[in-house]
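To start, the structure itself, in structure tokens.
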Amino acid sequence: MNKRLLLHICCGPCSITTLKTLLDLGHEITGLFYNPNIHPLTEYVKRRDGCLEVAEKLGVRVILKDGEYAPQKWFRTVAHREGNRCFYCYSDRLERTVQIARKGNFDLFSTTLLYSKYQKHQEIADLGKDLETPTTRFLYHDFREGWQEGIETSKEWGIYRQQYCGCLYSENERYKKELRK
Ligand code: SF4
């Protein structure tokens, strides 16, 4: 029996292999673009539009949460604990996803964060398990096995590919070499 699944999507490239895998497994998928701390806003828009392009190609409906873009709230959350910021980033995304999944009577929820080789994979998997309920289960899959395919397809389709993880801190880390000593 097909299961209704809500998939949190972080960007276009990460959603290609993830969506294809889940569609092949026979799930009825709805995407959720919820990424409130992507910096700056213009970067958020590029990632959102990349997600929508992929979803359209694969025939998947996407719920957008543009109204919840709130970097100020994010900065308040991680102030003085920036070193542990990824945990707060993952948990915010997964908590919001399970909340929407429960309200929409989805059987399952998951996230494209499980595709990235750069994320703390086990931490995301553990958080998902912690947040599941008897009626809204977390679907774990190691989507990293399709890493190369996702890269190649995103290039072939001309989907926007980001150069840093997403928040202001990651952007600074990526480009700090540009600063003169
Ligand atoms: S580095 Fe990436 S995962 Fe970590 S807090 Fe920033 S955007 Fe989130």
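The way I read the labels, and the way they are meant: chains A, B, ... in the order of the structure tokens, residue 1 as the first residue of every chain, and ligand 1 as the first ligand shown, with later ones counted on from there.
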Could the residues that lie within 12 Å of ligand 1, counting only C-alpha atoms and all ligand atoms, be listed as a PyMOL selection string? chain A and resi 10-11+35-40+43-44+71+74-75+77-79+81-93+113-114+116-121+123-124+162-174
For region 19-32 of chain A, find every residue with an atom within 10 Å (counting only C-alpha atoms), except residues of its own chain fewer than 6 positions away, and show them as JSON, numbers by chain. {"A": [1, 2, 3, 4, 5, 6, 7, 8, 9, 10, 51, 52, 54, 55, 58, 59, 60, 61, 62, 63, 64, 65, 93, 96, 97, 100, 101, 106, 107, 108, 109, 110, 111, 112, 139, 141, 143, 146, 150]}
Top pick for closest residue to Gln122 (chain A), considering A:Tyr140, A:Val45, A:Lys181, A:Thr135 and counting only C-alpha atoms: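 With only C-alpha atoms as the atom set, the closest residue is A:Tyr140.
Of note, CA of Asp142 (chain A) and CA of Gly50 (chain A) are spaced 22.1 Å apart.
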Using DSSP on the backbone coordinates, identify the residues of region 6-134 of chain A assigned to strand (DSSP E or B); present them as a list in words.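 So the strand (DSSP E or B) residues in region 6-134 of chain A would be Leu6, Leu7, His8, Ile9, Glu28, Ile29, Thr30, Gly31, Leu32, Phe33, Arg61, Val62, Ile63, Leu64, Leu108, Phe109, Ser110 and Thr111 of chain A.
When only C-alpha atoms are used to compute distances to Thr42 (chain A), the closest of the residues A:Thr17, A:Thr133, A:Tyr175, A:Tyr69 turns out to be A:Tyr69.
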Please compute the CA of Lys155 (chain A)-CA of Gly12 (chain A) distance, one decimal, in Å. 10.8 Å
For CA of Trp157 (chain A) and CA of Asp66 (chain A), the interatomic separation in Å (one decimal): 24.2 Å
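Using only C-alpha atoms for every distance, the candidate list A:Gln148, A:Leu41, A:Tyr34, A:Gln72 yields A:Tyr34 as the residue closest to Val98 (chain A).
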